[in-house]
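J.: So I've got this file, my_file.tsv, and it contains TSV, C-alpha atoms and all ligand atoms:
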```tsv
chain	number	residue	atom	x	y	z
T	1	MET	CA	-7.69	-12.86	-5.72
T	2	ARG	CA	-8.52	-11.22	-9.04
T	3	ILE	CA	-6.69	-7.98	-9.84
T	4	ASP	CA	-7.64	-5.82	-12.83
T	5	ILE	CA	-5.36	-2.95	-13.74
T	6	VAL	CA	-6.28	-0.25	-16.23
T	7	SER	CA	-3.60	1.93	-17.79
T	8	VAL	CA	-2.71	3.67	-21.04
T	9	PHE	CA	0.65	1.89	-20.75
T	10	PRO	CA	-0.34	-1.71	-19.99
T	11	GLU	CA	3.12	-3.00	-20.90
T	12	TYR	CA	4.37	-1.40	-17.68
T	13	PHE	CA	2.89	-4.40	-15.88
T	14	ASN	CA	4.99	-7.07	-17.59
T	15	VAL	CA	6.96	-6.84	-14.37
T	16	LEU	CA	4.17	-8.67	-12.53
T	17	ASP	CA	5.25	-11.94	-14.14
T	18	LEU	CA	8.62	-11.80	-12.35
T	19	SER	CA	9.77	-13.26	-9.07
T	20	LEU	CA	7.30	-14.15	-6.31
T	21	LEU	CA	4.34	-12.52	-8.06
T	22	GLY	CA	4.94	-14.68	-11.10
T	23	LYS	CA	5.02	-17.77	-8.86
T	24	ALA	CA	1.84	-16.66	-7.08
T	25	GLN	CA	0.11	-16.54	-10.47
T	26	ASP	CA	1.39	-20.03	-11.30
T	27	LYS	CA	0.01	-21.26	-7.97
T	28	GLY	CA	-3.39	-19.68	-8.75
T	29	LEU	CA	-3.24	-17.35	-5.72
T	30	VAL	CA	-3.64	-14.26	-7.84
T	31	GLU	CA	-4.91	-13.66	-11.34
T	32	PHE	CA	-4.24	-10.44	-13.25
T	33	GLY	CA	-6.20	-8.73	-15.99
T	34	ILE	CA	-4.20	-5.88	-17.55
T	35	HIS	CA	-6.27	-3.53	-19.70
T	36	ASN	CA	-5.52	-0.68	-22.05
T	37	LEU	CA	-7.91	2.19	-21.31
T	38	ARG	CA	-7.77	3.19	-24.98
T	39	ASP	CA	-9.70	0.01	-25.84
T	40	TRP	CA	-12.76	1.81	-24.44
T	41	THR	CA	-12.41	4.88	-26.68
T	42	HIS	CA	-14.55	5.39	-29.77
T	43	ASP	CA	-12.78	8.17	-31.64
T	44	VAL	CA	-10.15	7.75	-34.29
T	45	HIS	CA	-7.39	9.14	-32.05
T	46	HIS	CA	-8.32	6.92	-29.09
T	47	SER	CA	-8.23	9.96	-26.84
T	48	VAL	CA	-8.64	9.50	-23.13
T	49	ASP	CA	-8.11	13.12	-22.06
T	50	ASP	CA	-9.51	16.58	-22.57
T	51	THR	CA	-8.77	20.14	-21.47
T	52	PRO	CA	-9.51	21.10	-17.84
T	53	VAL	CA	-12.85	22.77	-17.22
T	54	GLY	CA	-12.11	26.20	-15.73
T	55	GLY	CA	-8.79	26.43	-17.57
T	56	GLY	CA	-5.27	25.61	-16.50
T	57	ALA	CA	-2.32	23.60	-17.70
T	58	GLY	CA	-2.37	20.02	-18.93
T	59	MET	CA	-5.14	17.56	-19.73
T	60	VAL	CA	-7.59	15.63	-17.57
T	61	MET	CA	-8.71	12.03	-18.12
T	62	LYS	CA	-12.26	11.81	-19.41
T	63	PRO	CA	-14.82	10.28	-17.01
T	64	GLU	CA	-16.82	8.65	-19.81
T	65	VAL	CA	-13.98	6.49	-21.12
T	66	TRP	CA	-13.04	5.43	-17.59
T	67	ALA	CA	-16.64	4.65	-16.67
T	68	GLN	CA	-17.22	2.49	-19.74
T	69	CYS	CA	-14.11	0.53	-18.88
T	70	LEU	CA	-14.90	0.18	-15.16
T	71	ASP	CA	-18.56	-0.71	-15.82
T	72	ASP	CA	-17.36	-3.52	-18.08
T	73	LEU	CA	-14.88	-4.79	-15.50
T	74	LEU	CA	-17.56	-4.66	-12.81
T	75	GLY	CA	-20.12	-6.25	-15.14
T	76	ILE	CA	-22.69	-3.49	-14.58
T	77	GLU	CA	-24.91	-1.33	-16.76
T	78	PRO	CA	-24.23	2.42	-16.81
T	79	LEU	CA	-26.52	4.63	-14.75
T	80	GLU	CA	-28.50	7.25	-16.65
T	81	SER	CA	-27.58	9.71	-13.95
T	82	ILE	CA	-26.10	9.77	-10.48
T	83	GLU	CA	-29.64	10.13	-9.06
T	84	GLN	CA	-30.11	6.43	-9.81
T	85	ALA	CA	-27.14	5.56	-7.60
T	86	ASP	CA	-29.27	4.82	-4.53
T	87	ALA	CA	-31.24	2.20	-6.43
T	88	ALA	CA	-27.97	0.64	-7.59
T	89	THR	CA	-26.53	0.47	-4.09
T	90	GLY	CA	-26.36	-3.09	-2.92
T	91	ARG	CA	-25.36	-4.69	-6.20
T	92	ASP	CA	-22.49	-7.09	-5.85
T	93	SER	CA	-19.85	-4.80	-4.51
T	94	SER	CA	-17.14	-7.25	-3.58
T	95	ALA	CA	-14.78	-5.31	-5.85
T	96	VAL	CA	-12.59	-2.61	-4.35
T	97	LEU	CA	-11.69	0.25	-6.71
T	98	VAL	CA	-8.32	1.87	-6.10
T	99	PHE	CA	-7.17	5.10	-7.73
T	100	PRO	CA	-3.61	6.32	-7.12
T	101	ASN	CA	-3.55	10.05	-6.44
T	102	PRO	CA	-0.73	12.16	-4.97
T	103	SER	CA	-3.25	14.33	-3.12
T	104	ALA	CA	-4.87	11.38	-1.30
T	105	PRO	CA	-4.01	9.80	2.08
T	106	THR	CA	-0.76	7.84	2.11
T	107	PHE	CA	-0.96	4.11	1.45
T	108	THR	CA	0.22	2.17	4.50
T	109	GLN	CA	0.80	-1.42	5.62
T	110	LYS	CA	-2.65	-1.31	7.23
T	111	ASP	CA	-4.21	-0.48	3.86
T	112	ALA	CA	-2.22	-3.27	2.21
T	113	THR	CA	-3.52	-5.69	4.85
T	114	GLU	CA	-7.13	-4.61	4.25
T	115	LEU	CA	-6.77	-4.92	0.47
T	116	SER	CA	-5.20	-8.37	0.83
T	117	HIS	CA	-8.58	-9.64	2.10
T	118	ALA	CA	-10.48	-8.45	-0.99
T	119	LYS	CA	-11.65	-10.90	-3.65
T	120	HIS	CA	-11.40	-8.43	-6.50
T	121	LEU	CA	-9.27	-5.30	-6.80
T	122	ILE	CA	-9.51	-2.87	-9.69
T	123	PHE	CA	-6.72	-0.30	-10.03
T	124	GLY	CA	-7.08	2.70	-12.33
T	125	CYS	CA	-3.81	4.41	-13.27
T	126	GLY	CA	-4.09	8.15	-13.77
T	127	ARG	CA	-1.95	10.08	-16.27
T	128	TYR	CA	-1.65	13.75	-17.31
T	129	GLU	CA	-3.26	15.96	-14.63
T	130	GLY	CA	-5.15	12.94	-13.30
T	131	TYR	CA	-8.69	11.58	-13.75
T	132	ASP	CA	-11.92	13.58	-13.63
T	133	GLY	CA	-12.81	14.27	-9.98
T	134	ARG	CA	-16.32	12.83	-10.33
T	135	LEU	CA	-15.09	9.32	-11.06
T	136	PRO	CA	-14.40	8.04	-7.49
T	137	ALA	CA	-17.60	9.67	-6.19
T	138	TYR	CA	-19.68	8.06	-8.96
T	139	TYR	CA	-18.69	4.52	-7.92
T	140	ALA	CA	-18.75	5.26	-4.19
T	141	ALA	CA	-22.36	6.45	-4.60
T	142	GLN	CA	-23.22	3.02	-6.03
T	143	GLY	CA	-21.97	1.28	-2.93
T	144	TYR	CA	-18.52	0.31	-4.11
T	145	ASP	CA	-15.53	0.49	-1.79
T	146	VAL	CA	-13.53	3.21	-3.56
T	147	ARG	CA	-10.11	4.21	-2.32
T	148	GLU	CA	-7.65	6.87	-3.40
T	149	TYR	CA	-4.10	6.57	-2.17
T	150	SER	CA	-0.83	8.41	-2.54
T	151	ILE	CA	2.40	6.43	-2.26
T	152	GLY	CA	4.34	9.45	-1.00
T	153	ASP	CA	4.74	13.19	-1.07
T	154	TYR	CA	6.02	13.58	-4.61
T	155	VAL	CA	4.43	13.60	-8.06
T	156	LEU	CA	5.01	10.80	-10.56
T	157	ASN	CA	4.13	10.97	-14.26
T	158	GLY	CA	1.43	8.35	-13.89
T	159	GLY	CA	-0.20	5.84	-11.59
T	160	GLU	CA	1.60	2.76	-12.95
T	161	VAL	CA	4.51	2.80	-10.51
T	162	ALA	CA	2.16	3.61	-7.63
T	163	VAL	CA	-0.09	0.69	-8.58
T	164	SER	CA	2.91	-1.65	-8.82
T	165	VAL	CA	3.87	-0.61	-5.28
T	166	MET	CA	0.36	-1.20	-3.93
T	167	VAL	CA	-0.06	-4.52	-5.74
T	168	GLU	CA	3.25	-5.82	-4.42
T	169	ALA	CA	2.61	-4.69	-0.84
T	170	THR	CA	-0.87	-6.24	-0.95
T	171	THR	CA	-0.32	-9.55	-2.70
T	172	ARG	CA	2.62	-10.61	-0.50
T	173	LEU	CA	0.15	-10.68	2.40
T	174	ILE	CA	-2.16	-13.21	0.72
T	175	ASP	CA	-2.16	-16.55	2.53
T	176	GLY	CA	0.29	-18.91	0.83
T	177	PHE	CA	2.16	-16.17	-1.04
T	178	MET	CA	5.29	-16.29	1.12
T	179	GLY	CA	6.90	-19.65	1.76
T	180	ASN	CA	7.49	-18.72	5.40
T	181	HIS	CA	4.54	-16.79	6.85
T	182	ALA	CA	6.66	-15.64	9.83
T	183	SER	CA	8.68	-13.45	7.51
T	184	ILE	CA	5.68	-11.17	6.94
T	185	GLU	CA	4.63	-11.18	10.59
T	186	GLU	CA	7.98	-9.90	11.84
T	187	GLU	CA	8.42	-6.92	9.57
T	188	SER	CA	8.39	-3.16	9.93
T	189	TYR	CA	4.92	-1.58	10.29
T	190	THR	CA	3.45	-5.00	11.04
T	191	GLY	CA	1.60	-6.38	14.05
T	192	SER	CA	-0.29	-4.42	16.66
T	193	GLU	CA	2.62	-2.07	17.39
T	194	GLY	CA	3.99	-1.45	13.91
T	195	LEU	CA	7.55	-0.73	15.10
T	196	LEU	CA	10.39	-0.43	12.59
T	197	GLU	CA	12.28	-3.69	12.36
T	198	HIS	CA	15.72	-4.17	13.94
T	199	ARG	CA	18.68	-4.39	11.58
T	200	GLN	CA	19.42	-7.84	10.11
T	201	TYR	CA	22.83	-9.50	9.66
T	202	THR	CA	24.07	-12.61	7.93
T	203	LYS	CA	27.38	-14.51	7.84
T	204	PRO	CA	30.32	-13.94	8.01
T	205	ALA	CA	30.21	-12.72	11.60
T	206	THR	CA	33.12	-10.38	10.79
T	207	TRP	CA	33.27	-8.70	7.44
T	208	ARG	CA	35.91	-6.12	6.43
T	209	GLY	CA	36.69	-5.62	10.09
T	210	MET	CA	33.07	-5.07	11.09
T	211	SER	CA	31.49	-7.55	13.50
T	212	VAL	CA	27.84	-8.31	14.02
T	213	PRO	CA	26.55	-7.49	17.54
T	214	GLU	CA	28.05	-10.05	19.93
T	215	VAL	CA	24.73	-11.06	21.47
T	216	LEU	CA	23.49	-12.45	18.15
T	217	LEU	CA	26.24	-15.09	18.31
T	218	SER	CA	25.40	-16.10	21.87
T	219	GLY	CA	22.62	-18.56	21.06
T	220	HIS	CA	20.74	-17.09	24.04
T	221	HIS	CA	17.28	-16.56	22.54
T	222	ALA	CA	15.85	-14.41	25.32
T	223	ASN	CA	18.82	-12.04	25.15
T	224	ILE	CA	18.64	-11.93	21.37
T	225	ASP	CA	14.92	-11.12	21.51
T	226	ARG	CA	15.56	-8.35	24.03
T	227	PHE	CA	18.41	-6.92	21.96
T	228	ARG	CA	16.21	-6.85	18.87
T	229	ARG	CA	13.28	-5.35	20.73
T	230	ASP	CA	15.51	-2.59	22.12
T	231	GLU	CA	16.85	-1.85	18.68
T	232	GLU	CA	13.33	-1.64	17.27
T	233	LEU	CA	12.33	0.83	19.98
T	234	ARG	CA	15.52	2.89	19.44
T	235	ARG	CA	15.16	3.03	15.65
T	236	THR	CA	11.47	3.84	15.83
T	237	SER	CA	12.01	6.52	18.46
T	238	ALA	CA	14.68	8.18	16.30
T	239	LEU	CA	13.06	7.81	12.88
T	240	ARG	CA	9.30	7.53	13.45
T	241	PRO	CA	8.32	9.09	16.79
T	242	ASP	CA	4.70	9.13	15.57
T	243	ILE	CA	4.71	5.32	15.87
T	244	ILE	CA	6.02	5.50	19.47
T	245	GLU	CA	3.26	8.01	20.27
T	246	ALA	CA	0.68	5.48	19.11
T	247	LEU	CA	1.98	2.63	21.34
T	248	ASP	CA	-0.32	1.33	24.04
T	249	CYS	CA	1.53	1.95	27.35
T	250	SER	CA	-0.29	-0.91	29.05
T	251	ARG	CA	1.38	-3.36	26.65
T	252	LEU	CA	4.94	-2.17	27.32
T	253	ASP	CA	7.03	-4.24	29.71
T	254	LYS	CA	9.40	-2.89	32.38
T	255	LYS	CA	12.41	-2.96	30.07
T	256	ASP	CA	10.51	-1.22	27.25
T	257	ARG	CA	9.48	1.53	29.67
T	258	LYS	CA	13.01	1.96	31.04
T	259	LEU	CA	14.50	2.27	27.54
T	260	LEU	CA	11.82	4.64	26.28
T	261	THR	CA	12.32	6.82	29.35
T	262	GLU	CA	16.07	6.95	28.63
T	263	LEU	CA	15.21	7.90	25.05
T	264	GLY	CA	13.23	10.91	26.24
T	265	TRP	CA	9.67	9.59	26.51
T	266	ILE	CA	7.20	9.92	29.36
T	267	VAL	CA	5.70	6.48	29.63
T	268	ASN	CA	2.45	6.76	31.52
T	269	GLY	CA	-1.18	7.32	30.60
T	270	ASP	CA	-2.50	5.71	27.42
T	271	HIS	CA	0.41	6.48	25.10
T	272	PRO	CA	4.06	7.61	25.44
T	273	ARG	CA	4.64	11.37	25.17
T	274	SER	CA	7.89	13.06	24.25
T	275	LYS	CA	9.50	14.91	27.19
T	276	ILE	CA	10.48	17.75	24.89
T	277	GLY	CA	7.18	17.81	23.02
T	278	ARG	CA	6.89	17.71	19.22
T	301	LIG	N1	-2.20	17.03	-11.02
T	301	LIG	C1	-1.93	16.04	-10.02
T	301	LIG	C2	-1.58	16.71	-8.71
T	301	LIG	O1	-0.94	17.75	-8.73
T	301	LIG	O2	-1.92	16.19	-7.64
T	301	LIG	C3	-0.77	15.16	-10.46
T	301	LIG	C4	-1.13	14.23	-11.56
T	301	LIG	S1	0.15	13.05	-11.88
T	301	LIG	C5	1.17	13.91	-13.01
T	301	LIG	C6	-0.68	11.86	-12.88
T	301	LIG	C7	-1.13	10.61	-12.15
T	301	LIG	O3	-0.01	9.97	-11.59
T	301	LIG	C8	-2.09	10.80	-11.01
T	301	LIG	O4	-3.41	10.92	-11.45
T	301	LIG	C9	-1.88	9.52	-10.21
T	301	LIG	O5	-2.61	8.47	-10.75
T	301	LIG	C10	-0.40	9.25	-10.42
T	301	LIG	N2	0.46	9.70	-9.33
T	301	LIG	C11	1.41	10.66	-9.39
T	301	LIG	N3	2.05	10.80	-8.22
T	301	LIG	C12	1.51	9.89	-7.38
T	301	LIG	C13	1.73	9.56	-6.01
T	301	LIG	N4	2.63	10.17	-5.26
T	301	LIG	N5	0.97	8.57	-5.47
T	301	LIG	C14	0.04	7.95	-6.21
T	301	LIG	N6	-0.22	8.24	-7.50
T	301	LIG	C15	0.50	9.19	-8.09
```
Could you show the structure in this file as structure tokens?
Ligand code: SAM
T.:
Amino acid sequence: MRIDIVSVFPEYFNVLDLSLLGKAQDKGLVEFGIHNLRDWTHDVHHSVDDTPVGGGAGMVMKPEVWAQCLDDLLGIEPLESIEQADAATGRDSSAVLVFPNPSAPTFTQKDATELSHAKHLIFGCGRYEGYDGRLPAYYAAQGYDVREYSIGDYVLNGGEVAVSVMVEATTRLIDGFMGNHASIEEESYTGSEGLLEHRQYTKPATWRGMSVPEVLLSGHHANIDRFRRDEELRRTSALRPDIIEALDCSRLDKKDRKLLTELGWIVNGDHPRSKIGR
């Protein structure tokens, strides 16, 4: 996978050389291009922003500088105007353009999984009040897969941290990235159900007077699986009832149904419903 990242603070991404991502680069699984947006400016101050049209606080990132950069990374000629976009549709659009934006849908494990199948990802880090609103639409009109994602309901100073989060969540799903593939199949938000994972414990079995759950020491795999499954259902019911509401009732076994009923769910029909309503 090729990943290009554009930022006015490219040094932020030195972190990508560390740990598993560094190893993935050594193995040739992922290749990064880190670019300074200011390299596409033509004025003496290398300015990438301008005042907001319509007034208001702060500065907005100029579409022209961004477009020159993204056109270069995509290897395309600029359009004279958006009216030409239809004619351009269909050019090699294997690249996915991703813009972090706090007012966009939240980035999830499902999005990370989708992005992990892309050949080429281009991330554009916003700063100031963000990038000009025409930018995503301009590339979407040319047939590119353009995505805007928030990483949570708070505002950061820039897109660099958000892009680091998305890159890490995405690249660890690439085949060969993790030594043991099972470790990414058995995680929270993963699989068809997306339940929160059960708690994990390691040795010693008793630490500062606290013991791990007895069943985990039993060696009885079926009981251990059941214990973990119950804990996943309990944790998800308490912390993320929206995930329980999305479960497919027909795929729940007798013990799942019994536990969910005890936890206050009505388990019939297509999906569980809370007895008390939400
Ligand atoms: N004016 C914007 C708003 O109120 O929605 C906030 C702009 S923020 C200061 C500057 C840039 O940081 C954004 O363009 C985006 O790239 C990034 N950013 C900030 N918070 C983010 C979040 N929660 N998720 C993703 N990106 C974020």
J.: Neighbouring residues of range 168-179 of chain T were defined as those with any atom within 10 Å, considering all atoms listed in the file; residues of the same chain fewer than 2 positions away were excluded. Please report them as a VMD selection string.
T.: chain T and resid 1 3 16 20 to 21 23 to 25 27 29 to 30 107 to 118 163 to 166 181 to 185
J.: Find the distance between atom N2 of ligand LIG 301 (chain T) and CA of Asn157 in chain T and write it in Å to one decimal.
T.: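 CA of Asn157 in chain T lies at a distance of 6.3 Å from atom N2 of ligand LIG 301 (chain T).
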J.: Go through chain T and flag each residue having an atom no more than 7 Å from ligand LIG 301 (chain T); for those, report the closest pair of atoms plus their distance in Å to one decimal, using all atoms listed in the file, ordered by chain and rising number, as JSON lines.
T.:
```
{"residue": "T:Phe99", "atom": "CA", "partner": "T:LIG301", "partner_atom": "O5", "distance": 6.4}
{"residue": "T:Pro100", "atom": "CA", "partner": "T:LIG301", "partner_atom": "N6", "distance": 3.9}
{"residue": "T:Asn101", "atom": "CA", "partner": "T:LIG301", "partner_atom": "N6", "distance": 3.9}
{"residue": "T:Pro102", "atom": "CA", "partner": "T:LIG301", "partner_atom": "C13", "distance": 3.7}
{"residue": "T:Ser103", "atom": "CA", "partner": "T:LIG301", "partner_atom": "O2", "distance": 5.1}
{"residue": "T:Cys125", "atom": "CA", "partner": "T:LIG301", "partner_atom": "O5", "distance": 4.9}
{"residue": "T:Gly126", "atom": "CA", "partner": "T:LIG301", "partner_atom": "O5", "distance": 3.4}
{"residue": "T:Arg127", "atom": "CA", "partner": "T:LIG301", "partner_atom": "C6", "distance": 4.0}
{"residue": "T:Tyr128", "atom": "CA", "partner": "T:LIG301", "partner_atom": "C6", "distance": 4.9}
{"residue": "T:Glu129", "atom": "CA", "partner": "T:LIG301", "partner_atom": "N1", "distance": 3.9}
{"residue": "T:Gly130", "atom": "CA", "partner": "T:LIG301", "partner_atom": "O4", "distance": 3.2}
{"residue": "T:Tyr131", "atom": "CA", "partner": "T:LIG301", "partner_atom": "O4", "distance": 5.8}
{"residue": "T:Tyr149", "atom": "CA", "partner": "T:LIG301", "partner_atom": "C14", "distance": 5.9}
{"residue": "T:Ser150", "atom": "CA", "partner": "T:LIG301", "partner_atom": "N5", "distance": 3.4}
{"residue": "T:Ile151", "atom": "CA", "partner": "T:LIG301", "partner_atom": "N5", "distance": 4.1}
{"residue": "T:Gly152", "atom": "CA", "partner": "T:LIG301", "partner_atom": "N4", "distance": 4.6}
{"residue": "T:Asp153", "atom": "CA", "partner": "T:LIG301", "partner_atom": "N4", "distance": 5.6}
{"residue": "T:Tyr154", "atom": "CA", "partner": "T:LIG301", "partner_atom": "N4", "distance": 4.9}
{"residue": "T:Val155", "atom": "CA", "partner": "T:LIG301", "partner_atom": "N3", "distance": 3.7}
{"residue": "T:Leu156", "atom": "CA", "partner": "T:LIG301", "partner_atom": "N3", "distance": 3.8}
{"residue": "T:Asn157", "atom": "CA", "partner": "T:LIG301", "partner_atom": "C5", "distance": 4.4}
{"residue": "T:Gly158", "atom": "CA", "partner": "T:LIG301", "partner_atom": "O3", "distance": 3.2}
{"residue": "T:Gly159", "atom": "CA", "partner": "T:LIG301", "partner_atom": "C10", "distance": 3.6}
{"residue": "T:Ala162", "atom": "CA", "partner": "T:LIG301", "partner_atom": "C14", "distance": 5.0}
```
J.: Which residues come within 9 Å of Asp230 in chain T, counting only C-alpha atoms, excluding same-chain residues fewer than 3 positions away, as a list of chain:residue names?
T.: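 Residues meeting the cut-off are T:His198, T:Asp225, T:Arg226, T:Phe227, T:Leu233, T:Arg234, T:Arg235, T:Lys255, T:Asp256, T:Leu259.
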J.: Using only C-alpha atoms, what residues lie at most 10 Å away from (-8.4, -1.9, -20.6) (file coordinates), given as a compact mmCIF listing (two decimals) with C-alpha atoms, in the frame of the given file?
T.:
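Final output, result.txt:
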```txt
# COMPACT_ATOMS: atom_id res chain seq x y z
CA ASP T 4 -7.64 -5.82 -12.83
CA ILE T 5 -5.36 -2.95 -13.74
CA VAL T 6 -6.28 -0.25 -16.23
CA SER T 7 -3.60 1.93 -17.79
CA VAL T 8 -2.71 3.67 -21.04
CA PHE T 9 0.65 1.89 -20.75
CA PRO T 10 -0.34 -1.71 -19.99
CA GLY T 33 -6.20 -8.73 -15.99
CA ILE T 34 -4.20 -5.88 -17.55
CA HIS T 35 -6.27 -3.53 -19.70
CA ASN T 36 -5.52 -0.68 -22.05
CA LEU T 37 -7.91 2.19 -21.31
CA ARG T 38 -7.77 3.19 -24.98
CA ASP T 39 -9.70 0.01 -25.84
CA TRP T 40 -12.76 1.81 -24.44
CA THR T 41 -12.41 4.88 -26.68
CA TRP T 66 -13.04 5.43 -17.59
CA GLN T 68 -17.22 2.49 -19.74
CA CYS T 69 -14.11 0.53 -18.88
CA LEU T 70 -14.90 0.18 -15.16
CA ASP T 72 -17.36 -3.52 -18.08
CA LEU T 73 -14.88 -4.79 -15.50
CA GLY T 124 -7.08 2.70 -12.33
```
J.: Would you work out the distance separating CA of Phe123 in chain T from CA of Val98 in chain T, expressed in Å to one decimal?
T.: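 According to the coordinates, CA of Phe123 in chain T and CA of Val98 in chain T are separated by 4.8 Å.
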J.: Taking all atoms listed in the file into account, name the residue in T:Gln142, T:Ser192, T:Gln200, T:Asn223 that is nearest to Leu79 in chain T.
T.: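 Smallest separation from Leu79 in chain T among the options: T:Gln142.
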J.: Can you tell me how far CA of Asp132 in chain T sits from CA of Phe32 in chain T, in Å to one decimal?
T.: 25.2 Å
J.: Which one is closest to Ala95 in chain T: T:Asp145, T:Glu245, T:Glu193, T:Glu214? Count only C-alpha atoms.
T.: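 The answer is T:Asp145, which sits nearest to Ala95 in chain T.
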J.: I'd like to know which of T:Ser250, T:Ser188, T:Ser218, T:Ser94 is closest to Ala205 in chain T, using all atoms listed in the file.
T.: T:Ser218
J.: Asp270 in chain T: which residues within 12 Å, counting all atoms listed in the file, same-chain residues fewer than 4 positions away excluded, as an NGL selection string?
T.: :T and (244-252 or 266)
J.: Which is closest to Glu64 in chain T among T:Ala85, T:Val48, T:Ile276, T:Leu216, if we use only C-alpha atoms?
T.: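 Comparing T:Ala85, T:Val48, T:Ile276, T:Leu216 against Glu64 in chain T, the winner is T:Val48.
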J.: Complete range 104-117 of chain T at the level of N, CA and C atoms, written as an mmCIF file, in the frame of the given file.
T.:
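Writing the result to result-v3.cif gives the following:
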```cif
data_model
loop_
_atom_site.group_PDB
_atom_site.id
_atom_site.type_symbol
_atom_site.label_atom_id
_atom_site.label_comp_id
_atom_site.auth_asym_id
_atom_site.auth_seq_id
_atom_site.Cartn_x
_atom_site.Cartn_y
_atom_site.Cartn_z
ATOM 1 N N ALA T 104 -4.005 12.239 -2.140
ATOM 2 C CA ALA T 104 -4.870 11.380 -1.300
ATOM 3 C C ALA T 104 -4.089 10.960 -0.047
ATOM 4 N N PRO T 105 -4.752 10.312 0.918
ATOM 5 C CA PRO T 105 -4.010 9.800 2.080
ATOM 6 C C PRO T 105 -2.936 8.798 1.657
ATOM 7 N N THR T 106 -1.886 8.724 2.451
ATOM 8 C CA THR T 106 -0.760 7.840 2.110
ATOM 9 C C THR T 106 -1.108 6.371 2.340
ATOM 10 N N PHE T 107 -0.760 5.562 1.377
ATOM 11 C CA PHE T 107 -0.960 4.110 1.450
ATOM 12 C C PHE T 107 -0.026 3.524 2.505
ATOM 13 N N THR T 108 -0.580 2.735 3.420
ATOM 14 C CA THR T 108 0.220 2.170 4.500
ATOM 15 C C THR T 108 0.084 0.641 4.537
ATOM 16 N N GLN T 109 0.855 0.039 5.430
ATOM 17 C CA GLN T 109 0.800 -1.420 5.620
ATOM 18 C C GLN T 109 -0.615 -1.846 6.025
ATOM 19 N N LYS T 110 -1.283 -0.997 6.802
ATOM 20 C CA LYS T 110 -2.650 -1.310 7.230
ATOM 21 C C LYS T 110 -3.582 -1.384 6.010
ATOM 22 N N ASP T 111 -3.391 -0.460 5.076
ATOM 23 C CA ASP T 111 -4.210 -0.480 3.860
ATOM 24 C C ASP T 111 -3.894 -1.734 3.035
ATOM 25 N N ALA T 112 -2.609 -2.067 2.959
ATOM 26 C CA ALA T 112 -2.220 -3.270 2.210
ATOM 27 C C ALA T 112 -2.889 -4.502 2.829
ATOM 28 N N THR T 113 -2.912 -4.548 4.157
ATOM 29 C CA THR T 113 -3.520 -5.690 4.850
ATOM 30 C C THR T 113 -5.018 -5.759 4.524
ATOM 31 N N GLU T 114 -5.690 -4.618 4.571
ATOM 32 C CA GLU T 114 -7.130 -4.610 4.250
ATOM 33 C C GLU T 114 -7.363 -5.077 2.812
ATOM 34 N N LEU T 115 -6.576 -4.541 1.881
ATOM 35 C CA LEU T 115 -6.770 -4.920 0.470
ATOM 36 C C LEU T 115 -6.475 -6.396 0.238
ATOM 37 N N SER T 116 -5.567 -6.960 1.047
ATOM 38 C CA SER T 116 -5.200 -8.370 0.830
ATOM 39 C C SER T 116 -6.361 -9.314 1.131
ATOM 40 N N HIS T 117 -7.410 -8.806 1.808
ATOM 41 C CA HIS T 117 -8.580 -9.640 2.100
ATOM 42 C C HIS T 117 -9.666 -9.531 1.016
#
```
